[in-house]
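**Q** Got my_file-v5.txt for you, compact mmCIF, C-alpha atoms:
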# COMPACT_ATOMS: atom_id res chain seq x y z
CA MET A 1 -18.74 -33.67 -48.51
CA TYR A 2 -18.41 -36.06 -51.42
CA LEU A 3 -19.95 -34.60 -54.58
CA LYS A 4 -23.25 -34.02 -52.82
CA ASN A 5 -25.92 -32.80 -55.25
CA LYS A 6 -23.33 -31.27 -57.57
CA LEU A 7 -24.38 -33.36 -60.54
CA ASN A 8 -27.69 -34.74 -61.67
CA ALA A 9 -28.03 -38.36 -62.75
CA LYS A 10 -27.78 -38.90 -66.49
CA LYS A 11 -30.53 -41.08 -67.88
CA SER A 12 -28.40 -42.01 -70.91
CA LEU A 13 -25.86 -43.70 -68.61
CA GLY A 14 -28.53 -45.37 -66.48
CA GLN A 15 -27.36 -43.43 -63.42
CA HIS A 16 -29.08 -43.82 -60.04
CA PHE A 17 -27.06 -42.59 -57.07
CA LEU A 18 -27.19 -44.62 -53.85
CA ILE A 19 -28.00 -42.15 -51.05
CA ASN A 20 -28.92 -44.54 -48.21
CA THR A 21 -25.87 -44.37 -45.91
CA GLY A 22 -26.88 -47.56 -44.08
CA ILE A 23 -26.88 -49.51 -47.36
CA GLN A 24 -23.60 -47.87 -48.42
CA GLN A 25 -21.98 -49.19 -45.23
CA LYS A 26 -23.64 -52.61 -45.65
CA ILE A 27 -22.09 -52.89 -49.13
CA ALA A 28 -18.64 -51.93 -47.86
CA ASP A 29 -18.90 -54.49 -45.03
CA ALA A 30 -20.11 -57.26 -47.40
CA CYS A 31 -16.95 -56.92 -49.52
CA ALA A 32 -14.87 -58.26 -46.59
CA LEU A 33 -11.90 -56.02 -47.37
CA SER A 34 -8.37 -56.28 -45.99
CA LYS A 35 -5.35 -53.98 -46.03
CA ASP A 36 -3.73 -56.12 -48.75
CA ASP A 37 -6.65 -55.87 -51.18
CA VAL A 38 -6.45 -54.20 -54.55
CA VAL A 39 -9.96 -53.12 -55.58
CA LEU A 40 -11.31 -52.27 -59.00
CA GLU A 41 -14.50 -50.25 -58.61
CA ILE A 42 -16.86 -50.13 -61.58
CA GLY A 43 -18.86 -46.91 -61.91
CA PRO A 44 -18.06 -45.13 -58.63
CA GLY A 45 -20.57 -42.36 -59.45
CA LYS A 46 -20.37 -39.68 -56.76
CA GLY A 47 -17.91 -41.72 -54.70
CA ALA A 48 -20.22 -42.75 -51.83
CA ILE A 49 -18.87 -46.31 -51.76
CA THR A 50 -15.37 -45.29 -52.88
CA LYS A 51 -14.84 -43.21 -49.75
CA LEU A 52 -15.86 -46.15 -47.55
CA LEU A 53 -13.62 -48.66 -49.33
CA ALA A 54 -10.46 -46.58 -49.80
CA PRO A 55 -9.26 -46.43 -46.15
CA HIS A 56 -9.36 -50.23 -45.84
CA VAL A 57 -7.45 -51.34 -48.94
CA LYS A 58 -3.96 -51.22 -50.38
CA LYS A 59 -5.11 -49.67 -53.67
CA LEU A 60 -8.43 -48.68 -55.22
CA ILE A 61 -8.82 -48.09 -58.95
CA ALA A 62 -12.18 -46.51 -59.81
CA VAL A 63 -13.24 -46.62 -63.47
CA GLU A 64 -15.90 -44.04 -64.35
CA LYS A 65 -17.27 -43.42 -67.83
CA ASP A 66 -18.90 -40.05 -67.07
CA ARG A 67 -16.35 -37.28 -67.69
CA GLU A 68 -17.80 -34.78 -65.20
CA LEU A 69 -18.04 -37.35 -62.41
CA ALA A 70 -14.51 -38.62 -63.11
CA GLN A 71 -13.13 -35.07 -62.92
CA LEU A 72 -14.93 -34.30 -59.66
CA LEU A 73 -13.91 -37.63 -58.14
CA ALA A 74 -10.27 -36.99 -59.07
CA LYS A 75 -10.45 -33.62 -57.27
CA GLU A 76 -12.12 -34.95 -54.14
CA MET A 77 -10.53 -38.38 -53.73
CA THR A 78 -6.99 -37.27 -52.96
CA SER A 79 -5.79 -40.36 -51.03
CA ALA A 80 -2.52 -41.70 -52.43
CA ASN A 81 -3.99 -45.20 -52.78
CA VAL A 82 -6.90 -44.08 -55.01
CA GLU A 83 -6.69 -43.80 -58.79
CA ILE A 84 -9.58 -42.47 -60.88
CA ILE A 85 -9.68 -43.58 -64.51
CA ARG A 86 -12.14 -42.11 -66.99
CA GLN A 87 -13.00 -44.98 -69.29
CA ASP A 88 -15.79 -47.31 -70.28
CA ILE A 89 -15.32 -50.42 -68.11
CA LEU A 90 -15.85 -52.62 -71.19
CA ASP A 91 -12.73 -51.05 -72.74
CA PHE A 92 -10.63 -51.22 -69.57
CA SER A 93 -8.00 -53.96 -69.29
CA PHE A 94 -8.46 -55.57 -65.86
CA SER A 95 -4.86 -56.79 -65.84
CA ASN A 96 -3.84 -53.12 -65.46
CA ALA A 97 -5.29 -53.31 -61.95
CA GLY A 98 -3.14 -56.23 -60.84
CA LYS A 99 -2.98 -60.01 -60.54
CA ALA A 100 -5.34 -60.59 -57.58
CA ILE A 101 -8.10 -58.02 -57.45
CA LYS A 102 -11.54 -57.65 -55.93
CA ILE A 103 -14.06 -56.16 -58.34
CA ILE A 104 -16.86 -54.09 -56.87
CA GLY A 105 -19.50 -52.16 -58.74
CA ASN A 106 -22.98 -50.96 -59.53
CA LEU A 107 -23.78 -52.51 -62.92
CA PRO A 108 -26.10 -50.52 -65.20
CA TYR A 109 -28.91 -52.84 -66.33
CA ASN A 110 -28.26 -52.39 -70.06
CA ILE A 111 -24.62 -53.55 -69.81
CA ALA A 112 -24.75 -55.89 -66.79
CA THR A 113 -24.35 -59.03 -68.93
CA PRO A 114 -21.35 -57.77 -70.99
CA ILE A 115 -19.64 -56.68 -67.74
CA ILE A 116 -20.25 -60.07 -66.12
CA GLU A 117 -18.97 -61.82 -69.26
CA LYS A 118 -15.83 -59.66 -69.15
CA VAL A 119 -15.23 -60.45 -65.47
CA ILE A 120 -15.69 -64.18 -66.17
CA GLN A 121 -13.10 -63.96 -68.96
CA GLU A 122 -10.70 -62.31 -66.50
CA ARG A 123 -11.66 -64.54 -63.55
CA ALA A 124 -8.09 -65.83 -63.08
CA ILE A 125 -7.12 -62.47 -61.56
CA CYS A 126 -10.40 -61.90 -59.66
CA ARG A 127 -10.50 -62.74 -55.94
CA GLY A 128 -14.17 -61.87 -55.65
CA PHE A 129 -16.80 -59.98 -57.61
CA TYR A 130 -19.29 -57.91 -55.62
CA PHE A 131 -21.96 -56.04 -57.52
CA MET A 132 -25.34 -54.35 -57.47
CA VAL A 133 -27.93 -55.11 -60.14
CA GLN A 134 -31.68 -54.98 -60.56
CA LYS A 135 -33.34 -57.56 -58.30
CA GLU A 136 -35.03 -59.37 -61.21
CA TYR A 137 -31.65 -59.72 -62.91
CA ALA A 138 -30.10 -61.07 -59.70
CA ASP A 139 -32.93 -63.62 -59.53
CA ARG A 140 -31.93 -64.87 -62.99
CA LEU A 141 -28.28 -65.23 -61.94
CA ILE A 142 -29.03 -67.39 -58.89
CA ALA A 143 -32.05 -69.30 -60.26
CA PRO A 144 -32.08 -73.08 -59.81
CA ALA A 145 -33.36 -75.51 -62.46
CA GLY A 146 -37.14 -75.73 -62.46
CA SER A 147 -37.77 -72.06 -61.65
CA LYS A 148 -39.27 -69.57 -64.08
CA THR A 149 -36.23 -67.29 -63.92
CA TYR A 150 -33.77 -70.13 -64.71
CA GLY A 151 -32.18 -69.74 -68.13
CA SER A 152 -28.96 -69.68 -70.13
CA LEU A 153 -27.61 -66.74 -68.06
CA SER A 154 -28.09 -68.75 -64.83
CA CYS A 155 -26.18 -71.69 -66.31
CA PHE A 156 -23.38 -69.51 -67.70
CA VAL A 157 -22.64 -67.74 -64.40
CA GLN A 158 -23.19 -70.78 -62.16
CA TYR A 159 -20.81 -72.87 -64.28
CA TYR A 160 -17.91 -70.57 -63.33
CA ALA A 161 -18.89 -69.23 -59.92
CA ASP A 162 -20.66 -69.66 -56.64
CA VAL A 163 -23.10 -66.76 -56.94
CA LYS A 164 -25.22 -65.47 -54.05
CA LEU A 165 -27.75 -62.68 -53.58
CA LEU A 166 -26.54 -61.10 -50.33
CA PHE A 167 -29.32 -58.56 -49.74
CA LYS A 168 -32.04 -56.54 -51.45
CA ILE A 169 -31.99 -52.75 -51.81
CA SER A 170 -35.22 -50.76 -51.97
CA ARG A 171 -35.98 -48.19 -54.68
CA GLY A 172 -36.04 -45.40 -52.10
CA SER A 173 -32.34 -45.90 -51.38
CA PHE A 174 -31.51 -44.14 -54.67
CA ARG A 175 -31.88 -40.72 -56.25
CA PRO A 176 -33.52 -40.66 -58.67
CA ALA A 177 -35.50 -43.69 -57.49
CA PRO A 178 -35.42 -46.46 -60.11
CA LYS A 179 -38.64 -48.24 -61.10
CA VAL A 180 -37.48 -51.54 -59.61
CA GLU A 181 -35.75 -53.00 -56.56
CA SER A 182 -32.04 -53.72 -56.61
CA ALA A 183 -29.91 -56.46 -55.07
CA PHE A 184 -26.29 -56.80 -53.97
CA CYS A 185 -24.61 -60.03 -55.08
CA ARG A 186 -21.34 -61.88 -54.66
CA CYS A 187 -19.56 -64.12 -57.17
CA LEU A 188 -16.67 -66.30 -56.02
CA PHE A 189 -15.03 -68.03 -58.98
CA TYR A 190 -14.09 -71.69 -58.93
CA GLU A 191 -10.45 -72.55 -59.67
CA ARG A 192 -11.97 -74.98 -62.13
CA PRO A 193 -15.66 -75.70 -62.75
CA PRO A 194 -16.93 -78.50 -60.46
CA TYR A 195 -18.45 -80.27 -63.48
CA PRO A 196 -16.13 -79.40 -66.38
CA ALA A 197 -17.31 -79.48 -69.98
CA VAL A 198 -15.11 -81.06 -72.65
CA ASP A 199 -15.83 -77.99 -74.79
CA GLU A 200 -17.30 -74.95 -73.02
CA ARG A 201 -18.27 -73.19 -76.23
CA SER A 202 -20.29 -76.23 -77.35
CA LEU A 203 -21.90 -76.48 -73.91
CA PHE A 204 -23.14 -72.88 -73.89
CA ALA A 205 -24.29 -73.08 -77.52
CA LEU A 206 -26.33 -76.16 -76.58
CA ILE A 207 -27.81 -74.41 -73.52
CA ARG A 208 -28.71 -71.25 -75.48
CA THR A 209 -30.39 -73.34 -78.19
CA GLY A 210 -32.30 -75.32 -75.59
CA PHE A 211 -33.62 -72.19 -73.89
CA SER A 212 -34.31 -70.29 -77.13
CA GLN A 213 -37.64 -72.15 -77.37
CA ARG A 214 -38.53 -72.68 -73.73
CA ARG A 215 -41.93 -74.24 -74.36
CA LYS A 216 -40.56 -77.00 -76.57
CA THR A 217 -39.17 -80.33 -75.38
CA LEU A 218 -35.40 -80.76 -75.56
CA GLU A 219 -35.83 -83.15 -78.48
CA ASN A 220 -37.65 -80.47 -80.50
CA ALA A 221 -35.68 -77.45 -79.29
CA LEU A 222 -32.36 -79.17 -80.09
CA ALA A 223 -33.51 -80.79 -83.34
CA ALA A 224 -30.98 -78.77 -85.35
CA VAL A 225 -28.14 -79.92 -83.08
CA ILE A 226 -29.03 -83.49 -82.08
CA GLN A 227 -30.27 -86.08 -84.57
CA LYS A 228 -33.40 -87.84 -83.39
CA ASN A 229 -31.80 -91.29 -83.60
CA ARG A 230 -29.08 -90.26 -81.13
CA TRP A 231 -31.42 -89.55 -78.23
CA GLY A 232 -31.65 -93.23 -77.26
CA VAL A 233 -27.91 -93.45 -76.53
CA LEU A 234 -27.85 -89.96 -74.98
CA LYS A 235 -30.72 -90.83 -72.64
CA GLU A 236 -28.93 -93.98 -71.56
CA ARG A 237 -25.51 -92.34 -71.04
CA ALA A 238 -26.46 -88.88 -69.77
CA GLY A 239 -29.69 -89.91 -68.04
CA ILE A 240 -31.73 -87.13 -69.66
CA ASP A 241 -35.31 -87.48 -70.87
CA PRO A 242 -35.62 -85.76 -74.29
CA GLN A 243 -39.28 -84.99 -73.48
CA LEU A 244 -38.28 -82.58 -70.72
CA ARG A 245 -37.92 -78.83 -71.35
CA ALA A 246 -34.64 -76.91 -70.91
CA GLU A 247 -35.79 -75.26 -67.67
CA GLN A 248 -36.13 -78.74 -66.10
CA ILE A 249 -32.51 -79.67 -66.85
CA THR A 250 -29.84 -78.90 -64.24
CA LEU A 251 -26.49 -77.41 -65.19
CA ILE A 252 -24.77 -80.73 -64.35
CA GLN A 253 -27.16 -82.53 -66.72
CA PHE A 254 -26.45 -80.02 -69.48
CA VAL A 255 -22.71 -80.64 -69.03
CA ARG A 256 -23.28 -84.41 -69.20
CA LEU A 257 -25.41 -84.01 -72.32
CA ALA A 258 -22.83 -81.79 -74.07
CA ASN A 259 -19.97 -84.14 -73.14
CA GLU A 260 -21.80 -87.28 -74.28
CA LEU A 261 -22.83 -85.59 -77.53
CA ILE A 262 -19.16 -84.92 -78.29
CA ARG A 263 -18.27 -88.54 -77.46
CA ILE A 264 -21.03 -89.93 -79.69
CA THR A 265 -20.10 -87.60 -82.55
CA SER A 266 -16.47 -88.70 -82.19
CA GLU A 267 -17.45 -92.40 -82.17
CA HIS A 268 -19.51 -91.97 -85.32
CA SER A 269 -16.70 -90.16 -87.11
CA HIS A 270 -14.18 -92.91 -86.11
CA PRO A 271 -16.27 -96.08 -86.38
CA ASN A 272 -13.25 -98.42 -86.32
CA HIS A 273 -11.99 -97.23 -82.93
Rewrite the coordinates I just gave you, this time as structure tokens.

**A**
Amino acid sequence: MYLKNKLNAKKSLGQHFLINTGIQQKIADACALSKDDVVLEIGPGKGAITKLLAPHVKKLIAVEKDRELAQLLAKEMTSANVEIIRQDILDFSFSNAGKAIKIIGNLPYNIATPIIEKVIQERAICRGFYFMVQKEYADRLIAPAGSKTYGSLSCFVQYYADVKLLFKISRGSFRPAPKVESAFCRCLFYERPPYPAVDERSLFALIRTGFSQRRKTLENALAAVIQKNRWGVLKERAGIDPQLRAEQITLIQFVRLANELIRITSEHSHPNH
């Protein structure tokens, strides 16, 4: 038996243990593993998924923050291809796991965004990112322009990856049962973004500013970034109506807007060119 009922979930770490064996198997199957895969598992908990993944991969590195769980996992997971590391995943260097890894994990709600940001930073070595999050958070990741859940997080993740919600997981699949539904998602990173920004930092700053005041038009929300007299040229070149709100602007349009803004700024600073 794998750590069954030996430890209670710790509220401080946002722990909810997946006990539905059907869902455990569904997660393992969704990760499309092969014998050559090196897997980094985030927050293995009591090892329910770990034990399903380990026999099918070359190496599995499980990073667990909870000391007691890490110790028990190390005792019970004795396969030569499994390594248990007790560390906060945000402090763990992914490159220690290898050059082409699959990342699989249950992301605690309070640190889901920092973990996703870290994986995006390390995307060059990631062959696929499979993760469980709260359903409402998953909805934000996959949201298209025009929907209520669409925001700067949607744009950030979709810029770098093809992200899909694979299936929903009911509250009753966990002990203790969380207050909300969960979802299992997959991120496959692009070799390069389909619509590349000239300056990614500027792009995301523009998007965050646009969404920071959702009810305002772009012209008003971006007043501190874009001078009013520049909107005429921007509208013509980027094809964006400044009277629209951020949630009505697609990611491609945001990229166009950010790129044209840089071009216009450059033209104004070098008027003789």

**Q** With distances taken over all atoms listed in the file, which of A:Ile262, A:Leu90, A:Met132, A:Ile249 is nearest to A:Ser202?

**A** A:Ile262

**Q** For atom CA of A:Gly210 and atom CA of A:Ala246, quote the distance in Å rounded to one decimal.

**A**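 So the answer is 5.5 Å.
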
**Q** With a distance cut-off of 9 Å and only C-alpha atoms, select the neighbouring residues of stretch 59-71 of chain A, excluding the residue or stretch itself and same-chain residues fewer than 4 positions from it, and output the selection as a PDB file with C-alpha atoms, keeping the file's coordinate frame.

**A**
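Saved file result_4.pdb follows:
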ATOM      1  CA  LEU A   3     -19.950 -34.600 -54.580  1.00  0.00           C
ATOM      2  CA  LEU A   7     -24.380 -33.360 -60.540  1.00  0.00           C
ATOM      3  CA  LYS A  10     -27.780 -38.900 -66.490  1.00  0.00           C
ATOM      4  CA  LEU A  13     -25.860 -43.700 -68.610  1.00  0.00           C
ATOM      5  CA  LYS A  35      -5.350 -53.980 -46.030  1.00  0.00           C
ATOM      6  CA  ASP A  36      -3.730 -56.120 -48.750  1.00  0.00           C
ATOM      7  CA  ASP A  37      -6.650 -55.870 -51.180  1.00  0.00           C
ATOM      8  CA  VAL A  38      -6.450 -54.200 -54.550  1.00  0.00           C
ATOM      9  CA  VAL A  39      -9.960 -53.120 -55.580  1.00  0.00           C
ATOM     10  CA  LEU A  40     -11.310 -52.270 -59.000  1.00  0.00           C
ATOM     11  CA  GLU A  41     -14.500 -50.250 -58.610  1.00  0.00           C
ATOM     12  CA  ILE A  42     -16.860 -50.130 -61.580  1.00  0.00           C
ATOM     13  CA  GLY A  43     -18.860 -46.910 -61.910  1.00  0.00           C
ATOM     14  CA  PRO A  44     -18.060 -45.130 -58.630  1.00  0.00           C
ATOM     15  CA  GLY A  45     -20.570 -42.360 -59.450  1.00  0.00           C
ATOM     16  CA  LYS A  46     -20.370 -39.680 -56.760  1.00  0.00           C
ATOM     17  CA  GLY A  47     -17.910 -41.720 -54.700  1.00  0.00           C
ATOM     18  CA  THR A  50     -15.370 -45.290 -52.880  1.00  0.00           C
ATOM     19  CA  LEU A  53     -13.620 -48.660 -49.330  1.00  0.00           C
ATOM     20  CA  ALA A  54     -10.460 -46.580 -49.800  1.00  0.00           C
ATOM     21  CA  LYS A  75     -10.450 -33.620 -57.270  1.00  0.00           C
ATOM     22  CA  GLU A  76     -12.120 -34.950 -54.140  1.00  0.00           C
ATOM     23  CA  ALA A  80      -2.520 -41.700 -52.430  1.00  0.00           C
ATOM     24  CA  ASN A  81      -3.990 -45.200 -52.780  1.00  0.00           C
ATOM     25  CA  VAL A  82      -6.900 -44.080 -55.010  1.00  0.00           C
ATOM     26  CA  GLU A  83      -6.690 -43.800 -58.790  1.00  0.00           C
ATOM     27  CA  ILE A  84      -9.580 -42.470 -60.880  1.00  0.00           C
ATOM     28  CA  ILE A  85      -9.680 -43.580 -64.510  1.00  0.00           C
ATOM     29  CA  ARG A  86     -12.140 -42.110 -66.990  1.00  0.00           C
ATOM     30  CA  GLN A  87     -13.000 -44.980 -69.290  1.00  0.00           C
ATOM     31  CA  ASP A  88     -15.790 -47.310 -70.280  1.00  0.00           C
ATOM     32  CA  ILE A  89     -15.320 -50.420 -68.110  1.00  0.00           C
ATOM     33  CA  PHE A  92     -10.630 -51.220 -69.570  1.00  0.00           C
ATOM     34  CA  ALA A  97      -5.290 -53.310 -61.950  1.00  0.00           C
TER      35      ALA A  97
END

**Q** Which residue out of A:Ile23, A:Ala100, A:Val119, A:Ile169 has the minimum interatomic distance to A:Val133 when all atoms listed in the file are used?

**A**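 Ranked by minimum distance to A:Val133, first place goes to A:Ile169.
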
**Q** In Å, how far is it from atom CA of A:Gln248 to atom CA of A:Ser147?

**A**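 That distance, rounded to one decimal, is 8.2 Å.
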
**Q** Measuring atom to atom with all atoms listed in the file, identify which of A:Val157, A:Pro193, A:Ile226, A:Pro242 is nearest to A:Ile120.

**A**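 Closest to A:Ile120, using all atoms listed in the file: A:Val157.
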
**Q** I'd like the box whose edges run along x, y and z of the file and which contains every listed atom of stretch 195-208 of chain A, padded by 5 Å per side; could you state its centre and edge lengths in Å, one decimal, as JSON?

**A**
{"center_x": -21.9, "center_y": -76.2, "center_z": -70.5, "size_x": 23.6, "size_y": 19.8, "size_z": 24.0}

**Q** Find the distance between atom CA of A:Ser266 and atom CA of A:Thr250 and write it in Å to one decimal.

**A**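 These two atoms are separated by 24.4 Å.
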
**Q** Excluding A:Arg127 and residues on its chain fewer than 2 positions from it, collect all residues at most 9 Å away from it, counting all atoms listed in the file, and give them as a list in words.

**A** Ala100, Ile101, Lys102, Ile103, Arg123, Ala124, Ile125, Phe129, Leu188 and Phe189 of chain A

**Q** Calculated over all atoms listed in the file, which of the candidates A:Ala224, A:Val163, A:Cys31, A:Ala183 has the smallest distance to A:Ala205?

**A**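 Using all atoms listed in the file, the shortest distance to A:Ala205 belongs to A:Ala224.
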
**Q** Using all atoms listed in the file, can you tell me which of A:Tyr195, A:Tyr160, A:Asp241, A:Gly151 comes closest to A:Arg208?

**A**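 Looking at the shortest contact to A:Arg208, the residue is A:Gly151.
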
**Q** Could you list as a list in words every residue that has an atom within 9 Å of (-24.3, -65.2, -53.5), using the file's coordinates and counting all atoms listed in the file?

**A** Ile142, Asp162, Val163, Lys164, Leu165, Leu166, Phe184, Cys185, Arg186, Cys187 and Leu188 of chain A

**Q** Could you check which of A:Thr209, A:Gln24, A:Asn259, A:Ser93 is closest to A:Gly105, using only C-alpha atoms?

**A**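 Ranked by minimum distance to A:Gly105, first place goes to A:Gln24.
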
**Q** Residues within 12 Å of A:Gln213, please, as a list of chain:residue names. Count only C-alpha atoms; anything in the same chain fewer than 3 positions from it doesn't count.

**A** A:Gly151, A:Ser152, A:Ile207, A:Arg208, A:Thr209, A:Gly210, A:Lys216, A:Thr217, A:Leu218, A:Glu219, A:Asn220, A:Ala221, A:Leu222, A:Ala223, A:Arg245, A:Ala246, A:Glu247
